[in-house]
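What follows is input_27.txt (compact mmCIF, C-alpha atoms and all ligand atoms).
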```
# COMPACT_ATOMS: atom_id res chain seq x y z
CA MET A 1 -12.70 42.43 18.77
CA THR A 2 -9.67 42.90 21.04
CA ARG A 3 -8.65 40.15 23.43
CA PRO A 4 -7.54 40.43 27.02
CA THR A 5 -3.85 40.53 27.82
CA LEU A 6 -3.14 39.05 31.23
CA GLY A 7 0.15 39.63 33.00
CA VAL A 8 1.16 36.80 35.31
CA PHE A 9 3.91 37.29 37.85
CA ASP A 10 5.81 34.64 39.77
CA SER A 11 9.17 34.18 41.47
CA GLY A 12 10.12 31.59 38.85
CA PHE A 13 8.63 28.47 37.30
CA GLY A 14 5.79 27.58 39.68
CA GLY A 15 3.47 30.35 38.49
CA LEU A 16 3.09 28.35 35.29
CA THR A 17 0.63 26.15 37.23
CA VAL A 18 -1.49 29.28 37.55
CA VAL A 19 -1.08 30.03 33.83
CA LYS A 20 -2.19 26.46 33.12
CA ALA A 21 -5.35 26.96 35.20
CA LEU A 22 -5.97 30.38 33.61
CA VAL A 23 -5.64 28.98 30.09
CA GLU A 24 -8.05 26.16 30.93
CA ALA A 25 -10.58 28.76 32.09
CA MET A 26 -9.73 31.37 29.41
CA PRO A 27 -8.02 29.97 26.33
CA ARG A 28 -8.97 33.01 24.24
CA ALA A 29 -6.54 35.47 25.79
CA ASP A 30 -2.93 36.61 25.58
CA TYR A 31 -0.62 35.79 28.47
CA ILE A 32 2.56 37.62 29.39
CA TYR A 33 4.47 35.77 32.07
CA PHE A 34 7.27 37.17 34.18
CA GLY A 35 9.31 34.62 36.17
CA ASP A 36 11.95 36.14 38.42
CA THR A 37 14.15 33.08 38.11
CA ALA A 38 17.36 34.94 38.98
CA ARG A 39 16.01 35.87 42.40
CA LEU A 40 14.00 32.81 43.40
CA PRO A 41 13.12 31.45 45.86
CA TYR A 42 10.94 34.18 47.34
CA GLY A 43 9.69 31.78 50.02
CA SER A 44 12.67 32.38 52.29
CA LYS A 45 12.95 36.17 51.73
CA SER A 46 11.74 39.14 53.77
CA ALA A 47 8.55 41.05 53.00
CA GLN A 48 10.54 44.16 52.11
CA THR A 49 12.70 42.36 49.56
CA VAL A 50 9.77 40.50 48.01
CA ALA A 51 7.75 43.74 47.75
CA LYS A 52 10.65 45.50 45.99
CA TYR A 53 11.06 42.70 43.43
CA ALA A 54 7.32 42.25 42.92
CA VAL A 55 6.64 45.94 42.31
CA SER A 56 9.32 46.14 39.61
CA ALA A 57 7.94 43.00 37.97
CA ALA A 58 4.40 44.40 38.03
CA ARG A 59 5.60 47.63 36.39
CA PHE A 60 7.38 45.61 33.72
CA LEU A 61 4.26 43.55 32.94
CA GLU A 62 2.20 46.72 32.62
CA GLN A 63 4.77 48.20 30.22
CA GLN A 64 4.41 45.06 28.13
CA GLY A 65 0.67 45.73 27.81
CA ALA A 66 -0.90 43.67 30.61
CA GLN A 67 -4.46 44.85 31.25
CA LEU A 68 -4.79 42.85 34.43
CA LEU A 69 -2.13 41.41 36.73
CA VAL A 70 -2.35 38.00 38.33
CA ILE A 71 0.10 37.57 41.19
CA ALA A 72 0.57 33.83 40.84
CA CYS A 73 3.22 33.64 43.53
CA ASN A 74 1.63 32.87 46.90
CA THR A 75 4.61 34.35 48.72
CA ALA A 76 4.45 37.64 46.77
CA THR A 77 0.68 37.81 47.27
CA ALA A 78 0.97 37.08 50.98
CA LEU A 79 3.79 39.55 51.59
CA ALA A 80 3.29 42.34 49.10
CA LEU A 81 -0.18 42.51 47.53
CA PRO A 82 -0.97 46.02 48.88
CA GLU A 83 2.37 47.36 47.57
CA ILE A 84 1.84 45.78 44.14
CA THR A 85 -1.73 47.04 43.91
CA GLY A 86 -0.59 50.52 45.00
CA ALA A 87 2.07 50.62 42.28
CA ALA A 88 -0.14 49.28 39.46
CA SER A 89 -2.64 51.18 37.36
CA VAL A 90 -4.48 48.02 36.21
CA PRO A 91 -6.50 45.59 38.37
CA VAL A 92 -4.39 43.18 40.43
CA ILE A 93 -5.54 39.77 41.64
CA GLY A 94 -3.56 37.66 44.08
CA VAL A 95 -4.00 33.99 44.89
CA VAL A 96 -4.72 34.16 48.63
CA GLU A 97 -8.29 35.52 48.67
CA PRO A 98 -9.57 33.21 45.88
CA GLY A 99 -7.94 30.20 47.57
CA ALA A 100 -9.43 31.11 50.95
CA GLU A 101 -12.86 31.66 49.43
CA SER A 102 -12.85 28.21 47.74
CA ALA A 103 -11.67 26.57 50.97
CA ALA A 104 -14.42 28.28 52.96
CA ARG A 105 -17.07 27.10 50.50
CA ARG A 106 -15.73 23.57 50.54
CA SER A 107 -15.32 23.04 54.29
CA GLY A 108 -18.17 21.56 56.28
CA THR A 109 -16.26 21.16 59.56
CA LYS A 110 -14.90 24.73 59.26
CA HIS A 111 -11.41 23.42 59.97
CA VAL A 112 -8.83 23.96 57.24
CA VAL A 113 -5.15 23.11 56.92
CA VAL A 114 -3.09 25.42 54.70
CA ILE A 115 0.42 24.64 53.49
CA GLY A 116 2.92 27.02 51.87
CA THR A 117 6.43 28.40 51.95
CA GLU A 118 8.03 29.64 55.15
CA ALA A 119 7.37 33.28 54.21
CA THR A 120 3.74 32.72 53.20
CA ILE A 121 2.97 30.86 56.42
CA SER A 122 4.80 33.36 58.67
CA SER A 123 2.87 36.24 57.07
CA HIS A 124 -0.42 34.60 58.24
CA ALA A 125 -2.09 35.99 55.11
CA TYR A 126 -4.04 32.75 54.61
CA ARG A 127 -4.90 32.59 58.32
CA HIS A 128 -6.40 36.10 58.19
CA ALA A 129 -8.29 35.41 54.95
CA LEU A 130 -9.70 32.13 56.32
CA GLU A 131 -10.49 33.37 59.82
CA SER A 132 -12.36 36.33 58.38
CA ARG A 133 -14.60 33.71 56.75
CA GLY A 134 -15.26 31.99 60.07
CA LEU A 135 -12.82 29.08 59.71
CA CYS A 136 -10.36 27.54 62.18
CA VAL A 137 -6.96 27.37 60.53
CA LYS A 138 -3.81 25.33 60.95
CA GLU A 139 -0.87 26.67 58.96
CA LYS A 140 2.12 24.55 58.09
CA ALA A 141 5.27 25.67 56.30
CA CYS A 142 6.63 22.96 53.99
CA PRO A 143 9.94 24.44 52.76
CA LEU A 144 11.31 21.17 51.38
CA LEU A 145 8.50 20.69 48.88
CA VAL A 146 9.52 23.45 46.41
CA PRO A 147 13.04 22.05 45.77
CA LEU A 148 11.64 18.50 45.52
CA VAL A 149 9.13 19.58 42.86
CA GLU A 150 11.81 21.52 40.97
CA GLU A 151 13.93 18.37 41.02
CA GLY A 152 11.03 16.64 39.27
CA TRP A 153 10.48 14.29 42.23
CA VAL A 154 6.72 14.67 42.25
CA ASP A 155 6.06 10.98 42.87
CA HIS A 156 9.34 10.03 44.51
CA ALA A 157 9.44 8.03 47.76
CA VAL A 158 11.42 10.80 49.45
CA THR A 159 8.78 13.39 48.56
CA GLU A 160 6.08 11.07 49.85
CA GLN A 161 7.89 10.62 53.15
CA VAL A 162 8.54 14.34 53.56
CA SER A 163 4.90 15.16 52.72
CA ARG A 164 3.67 12.56 55.24
CA ILE A 165 5.75 14.11 58.00
CA TYR A 166 4.48 17.62 57.21
CA LEU A 167 0.85 16.55 56.91
CA GLU A 168 0.86 14.39 60.02
CA GLU A 169 2.00 17.45 61.96
CA ALA A 170 -0.50 19.69 60.20
CA PHE A 171 -3.51 17.45 60.84
CA ALA A 172 -2.59 16.82 64.51
CA ASP A 173 -3.63 18.82 67.61
CA GLY A 174 -7.33 19.33 67.11
CA PHE A 175 -7.13 19.34 63.32
CA HIS A 176 -8.09 15.70 62.79
CA SER A 177 -11.47 17.08 61.77
CA ALA A 178 -10.06 19.39 59.08
CA ASP A 179 -11.79 18.55 55.82
CA VAL A 180 -9.85 20.84 53.47
CA LEU A 181 -6.18 20.97 52.59
CA LEU A 182 -5.47 24.32 50.94
CA LEU A 183 -2.45 24.34 48.63
CA GLY A 184 -0.89 27.77 49.19
CA CYS A 185 2.11 27.50 46.89
CA THR A 186 2.54 27.50 43.11
CA HIS A 187 4.44 24.21 43.15
CA TYR A 188 1.98 22.10 45.08
CA PRO A 189 -0.54 21.41 42.30
CA LEU A 190 2.09 19.05 40.87
CA LEU A 191 1.97 17.10 44.11
CA LYS A 192 -1.81 16.72 44.09
CA PRO A 193 -1.83 12.99 43.19
CA LEU A 194 0.72 12.27 45.93
CA LEU A 195 -1.06 14.39 48.55
CA ARG A 196 -4.37 12.76 47.58
CA MET A 197 -2.86 9.39 48.56
CA ILE A 198 -1.72 10.72 51.93
CA VAL A 199 -4.70 12.70 53.23
CA PRO A 200 -7.95 10.90 54.15
CA ALA A 201 -10.55 10.58 51.40
CA GLU A 202 -12.92 13.01 53.12
CA VAL A 203 -10.34 15.82 52.92
CA GLY A 204 -10.87 18.00 49.87
CA ILE A 205 -7.76 19.44 48.21
CA VAL A 206 -8.24 23.06 47.22
CA ASP A 207 -5.76 24.56 44.83
CA SER A 208 -5.34 28.34 44.90
CA ALA A 209 -4.28 28.28 41.21
CA GLU A 210 -7.66 26.92 40.06
CA SER A 211 -9.56 29.17 42.46
CA THR A 212 -7.75 32.23 41.12
CA ALA A 213 -8.40 31.25 37.49
CA ARG A 214 -12.13 31.07 38.26
CA VAL A 215 -12.11 34.52 39.86
CA VAL A 216 -10.18 36.07 36.94
CA SER A 217 -12.46 34.45 34.38
CA GLU A 218 -15.59 35.75 36.15
CA LEU A 219 -14.07 39.20 36.37
CA LEU A 220 -13.27 39.31 32.65
CA GLN A 221 -16.69 38.09 31.65
CA HIS A 222 -18.14 41.10 33.41
CA SER A 223 -15.56 43.60 32.21
CA PRO A 224 -16.36 45.68 29.10
CA ASP A 225 -12.68 46.74 28.82
CA THR A 226 -11.27 43.27 28.29
CA PRO A 227 -13.70 41.35 26.08
CA LEU A 228 -12.92 37.74 25.27
CA ALA A 229 -11.66 37.02 21.76
CA PRO A 230 -13.68 35.11 19.13
CA GLU A 231 -14.15 31.37 19.61
CA LYS A 232 -11.40 30.21 17.26
CA ALA A 233 -8.62 32.52 18.40
CA GLU A 234 -5.55 30.75 19.82
CA THR A 235 -3.98 31.41 23.17
CA GLY A 236 -1.02 33.82 22.95
CA PHE A 237 2.03 33.42 25.17
CA LYS A 238 5.10 35.52 25.89
CA PHE A 239 7.48 34.55 28.66
CA PHE A 240 10.11 36.74 30.32
CA VAL A 241 12.65 35.43 32.80
CA THR A 242 15.50 37.03 34.72
CA ASP A 243 17.80 33.98 34.55
CA SER A 244 18.53 31.24 32.01
CA VAL A 245 16.12 31.01 29.07
CA GLU A 246 17.32 27.48 28.40
CA LYS A 247 16.52 26.32 31.94
CA PHE A 248 13.06 27.88 31.78
CA ARG A 249 12.37 26.11 28.47
CA ARG A 250 13.54 22.85 30.06
CA LEU A 251 11.75 23.02 33.45
CA GLY A 252 8.74 25.13 32.52
CA PRO A 253 6.78 22.45 30.62
CA ARG A 254 6.51 20.34 33.80
CA PHE A 255 4.45 23.13 35.34
CA LEU A 256 2.63 24.37 32.24
CA GLY A 257 1.90 21.02 30.66
CA HIS A 258 3.23 21.87 27.20
CA ALA A 259 6.34 23.14 25.44
CA ILE A 260 7.44 26.73 25.90
CA LYS A 261 8.68 28.65 22.87
CA ASP A 262 8.73 32.41 23.13
CA VAL A 263 11.03 33.04 26.12
CA GLN A 264 13.12 36.19 26.49
CA HIS A 265 15.66 37.16 29.07
CA VAL A 266 15.12 40.46 30.88
CA ASP A 267 17.13 42.36 33.47
CA LEU A 268 15.12 44.47 35.88
CA ARG A 269 16.68 47.33 37.78
CA GLU A 270 15.67 47.41 41.41
N1 LIG B 301 6.18 30.85 43.93
C1 LIG B 301 6.40 30.60 45.33
C2 LIG B 301 5.06 30.54 46.06
O1 LIG B 301 4.03 30.28 45.49
C3 LIG B 301 7.18 29.31 45.56
C4 LIG B 301 8.63 29.38 45.10
C5 LIG B 301 9.47 30.41 45.82
O2 LIG B 301 9.68 30.28 47.05
O3 LIG B 301 9.89 31.35 45.17
O4 LIG B 301 5.02 30.77 47.25
```
The structure in this file should be written as structure tokens.
Amino acid sequence: MTRPTLGVFDSGFGGLTVVKALVEAMPRADYIYFGDTARLPYGSKSAQTVAKYAVSAARFLEQQGAQLLVIACNTATALALPEITGAASVPVIGVVEPGAESAARRSGTKHVVVIGTEATISSHAYRHALESRGLCVKEKACPLLVPLVEEGWVDHAVTEQVSRIYLEEAFADGFHSADVLLLGCTHYPLLKPLLRMIVPAEVGIVDSAESTARVVSELLQHSPDTPLAPEKAETGFKFFVTDSVEKFRRLGPRFLGHAIKDVQHVDLRE
């Protein structure tokens, strides 16, 4: 029996939180990861630039044999999903719709706060996805959180203080009743324990990485083209990065949760 090969695209390291969630849901699959580490961060770039980079990454993943593409990067999903889908000949799943769907299911008050990079928030992709499900939305860009997570400061006092400032603003002005905090960035799952301490107990934290993994797993279970491998088969991994292999091996495990072996450097022409 063949096993599914999933291509996962991100601007760098953060998408490994999505790989982690995918592997938890589907250990019997092969994963090809493309991290555009030479060109990160995407969160401060224009839609045109992100679309150009994301389309070339999607093409590369398909050439490597990906049967389905997961756009792990919230910024790339928010800014360029139609372009990526248009350029791909395999199914493409982004993180925004699954995240919005989970948030909608979870919220009783129908008020949701979503946090993400500057570019994701300015695109209003989450706002549109949530409003189309009947929710009131407060969006908050939290640009300092990505560098703090990459620094490894996931439980540092500075990160706590910065998160408090962002969240106090986000939950103000009529959003005291929000009962869901939607994490719209690949890096934020690492901050979950810290954010849990800051937001009130009745606020549910919804992670777009986990939501996306559930959607992909359901899709594969119903797809005759990508059957799941036999019970005992191990997870396969291949990682491609556009910048330092050594740095990816060093930082990646923080996001993935285990050591990273098979990493190759790749140069993509624009
Ligand atoms: N991967 C990006 C996201 O989820 C965060 C890092 C970046 O800005 O490139 O939005």
For the contact check between stretch 194-244 of chain A and stretch 37-55 of chain A, emit one row per residue of stretch 194-244 of chain A within 12 Å, containing the shortest atom pair and the distance in Å rounded to one decimal, counting only C-alpha atoms, chain then rising number order, as a tab-separated table.
```
residue	atom	partner	partner_atom	distance
A:Phe239	CA	A:Thr37	CA	11.7
A:Phe240	CA	A:Thr37	CA	9.5
A:Val241	CA	A:Thr37	CA	6.0
A:Thr242	CA	A:Ala38	CA	5.1
A:Asp243	CA	A:Ala38	CA	4.6
A:Ser244	CA	A:Thr37	CA	7.7
```
Return the padded bounding box of stretch 104-122 of chain A as AutoDock Vina command-line options: axis-aligned, built from all atoms listed in the file, 6 Å added on each side, with centre and edge lengths in Å to one decimal.
```
--center_x -5.1 --center_y 27.3 --center_z 55.2 --size_x 38.2 --size_y 24.2 --size_z 21.5
```
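Distances from A:Val154, A:Glu97, A:Leu190, A:Pro147 to A:Arg133 were compared using all atoms listed in the file, and the smallest one belongs to A:Glu97.
Atom pair atom CA of A:Glu118 / atom CA of A:Gly35 has a distance of 19.7 Å (rounded to one decimal).
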| said: I need the residue nearest A:Ala25 from this list: A:Ser163, A:Ser177, A:Gln67, A:Ser211. Use all atoms listed in the file for the distance. | reply: A:Ser211
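Each of A:Ala129, A:Cys142, A:Val8, A:Ala100 was checked against A:Ala66 using all atoms listed in the file; the smallest atom-to-atom distance is that of A:Val8.
Between atom CA of A:Thr120 and atom CA of A:Leu167 lies a distance of 16.8 Å.
Comparing A:Val146, A:Leu81, A:Leu268, A:Ala57 by their smallest distance to A:Pro189, the closest is A:Val146 (using all atoms listed in the file).
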| Which distance in Å separates atom CA of A:Ala21 and atom CA of A:Leu220, to one decimal? | 14.9 Å
| note | If you count only C-alpha atoms and all ligand atoms, the residue of A:Ala157, A:Ile205, A:Met197, A:Cys185 closest to ligand LIG 301 (chain B) turns out to be A:Cys185
| task | Step by step, measure atom-to-atom distances between ligand LIG 301 (chain B) and each residue using only C-alpha atoms and all ligand atoms, keep those at most 10 Å, then write them as a ChimeraX atom specification. | result | /A:9-18,35-37,39-45,50,71-79,95,115-121,143,145-147,150,183-188,208-209
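Non-sequential neighbours of A:Gln64 (distance at most 9 Å, separation of 4 or more positions within a chain, all atoms listed in the file) are Gly7, Ile32, Arg59 and Phe60 of chain A.
Counting all atoms listed in the file and comparing A:Val96, A:Leu191, A:Val245, A:Val215, the residue that lies closest to A:Asp155 is A:Leu191.
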Please reconstruct the missing atoms of stretch 32-43 of chain A (target: all heavy atoms) and return them as a compact mmCIF listing (two decimals), keeping the file's coordinate frame.
```txt
# COMPACT_ATOMS: atom_id res chain seq x y z
N ILE A 32 1.16 37.20 29.27
CA ILE A 32 2.56 37.62 29.39
C ILE A 32 3.00 37.18 30.77
O ILE A 32 2.40 37.56 31.78
CB ILE A 32 2.71 39.16 29.30
CG1 ILE A 32 1.99 39.70 28.07
CG2 ILE A 32 4.19 39.53 29.26
CD1 ILE A 32 1.99 41.23 28.03
N TYR A 33 4.02 36.36 30.80
CA TYR A 33 4.47 35.77 32.07
C TYR A 33 5.83 36.34 32.44
O TYR A 33 6.73 36.42 31.60
CB TYR A 33 4.57 34.25 31.89
CG TYR A 33 4.97 33.51 33.15
CD1 TYR A 33 4.00 33.09 34.05
CD2 TYR A 33 6.30 33.21 33.42
CE1 TYR A 33 4.35 32.40 35.20
CE2 TYR A 33 6.66 32.51 34.57
CZ TYR A 33 5.68 32.10 35.45
OH TYR A 33 6.01 31.41 36.58
N PHE A 34 5.97 36.72 33.69
CA PHE A 34 7.27 37.17 34.18
C PHE A 34 7.70 36.26 35.33
O PHE A 34 7.05 36.21 36.38
CB PHE A 34 7.18 38.61 34.68
CG PHE A 34 8.49 39.13 35.20
CD1 PHE A 34 9.40 39.75 34.36
CD2 PHE A 34 8.84 38.96 36.53
CE1 PHE A 34 10.62 40.21 34.85
CE2 PHE A 34 10.05 39.41 37.02
CZ PHE A 34 10.95 40.04 36.17
N GLY A 35 8.78 35.52 35.13
CA GLY A 35 9.31 34.62 36.17
C GLY A 35 10.65 35.16 36.63
O GLY A 35 11.61 35.23 35.85
N ASP A 36 10.72 35.52 37.90
CA ASP A 36 11.95 36.14 38.42
C ASP A 36 12.96 35.07 38.82
O ASP A 36 13.41 35.00 39.97
CB ASP A 36 11.57 37.02 39.63
CG ASP A 36 12.65 38.04 39.95
OD1 ASP A 36 13.66 38.09 39.22
OD2 ASP A 36 12.47 38.77 40.93
N THR A 37 13.34 34.27 37.84
CA THR A 37 14.15 33.08 38.11
C THR A 37 15.54 33.38 38.70
O THR A 37 16.12 32.53 39.36
CB THR A 37 14.31 32.26 36.82
OG1 THR A 37 14.65 33.16 35.76
CG2 THR A 37 13.02 31.53 36.45
N ALA A 38 16.03 34.61 38.45
CA ALA A 38 17.36 34.94 38.98
C ALA A 38 17.30 35.17 40.49
O ALA A 38 18.32 35.11 41.16
CB ALA A 38 17.90 36.20 38.30
N ARG A 39 16.08 35.49 40.99
CA ARG A 39 16.01 35.87 42.40
C ARG A 39 15.19 34.90 43.25
O ARG A 39 14.91 35.15 44.40
CB ARG A 39 15.47 37.30 42.50
CG ARG A 39 16.38 38.26 41.75
CD ARG A 39 16.08 39.69 41.97
NE ARG A 39 14.95 40.16 41.19
CZ ARG A 39 14.75 41.43 40.88
NH1 ARG A 39 15.59 42.35 41.28
NH2 ARG A 39 13.71 41.79 40.18
N LEU A 40 14.75 33.78 42.62
CA LEU A 40 14.00 32.81 43.40
C LEU A 40 14.96 32.07 44.34
O LEU A 40 16.16 32.04 44.07
CB LEU A 40 13.27 31.82 42.47
CG LEU A 40 14.05 30.83 41.60
CD1 LEU A 40 14.55 29.62 42.38
CD2 LEU A 40 13.13 30.36 40.50
N PRO A 41 14.51 31.48 45.43
CA PRO A 41 13.12 31.45 45.86
C PRO A 41 12.73 32.70 46.65
O PRO A 41 13.58 33.31 47.31
CB PRO A 41 13.08 30.23 46.78
CG PRO A 41 14.45 30.19 47.40
CD PRO A 41 15.39 30.71 46.33
N TYR A 42 11.46 33.08 46.55
CA TYR A 42 10.94 34.18 47.34
C TYR A 42 10.54 33.68 48.74
O TYR A 42 10.45 34.45 49.68
CB TYR A 42 9.69 34.77 46.68
CG TYR A 42 9.95 35.75 45.56
CD1 TYR A 42 11.18 35.86 44.93
CD2 TYR A 42 8.92 36.58 45.13
CE1 TYR A 42 11.38 36.76 43.90
CE2 TYR A 42 9.11 37.49 44.10
CZ TYR A 42 10.34 37.57 43.48
OH TYR A 42 10.54 38.46 42.46
N GLY A 43 10.27 32.37 48.81
CA GLY A 43 9.69 31.78 50.02
C GLY A 43 10.52 31.90 51.27
O GLY A 43 10.03 31.71 52.38
```
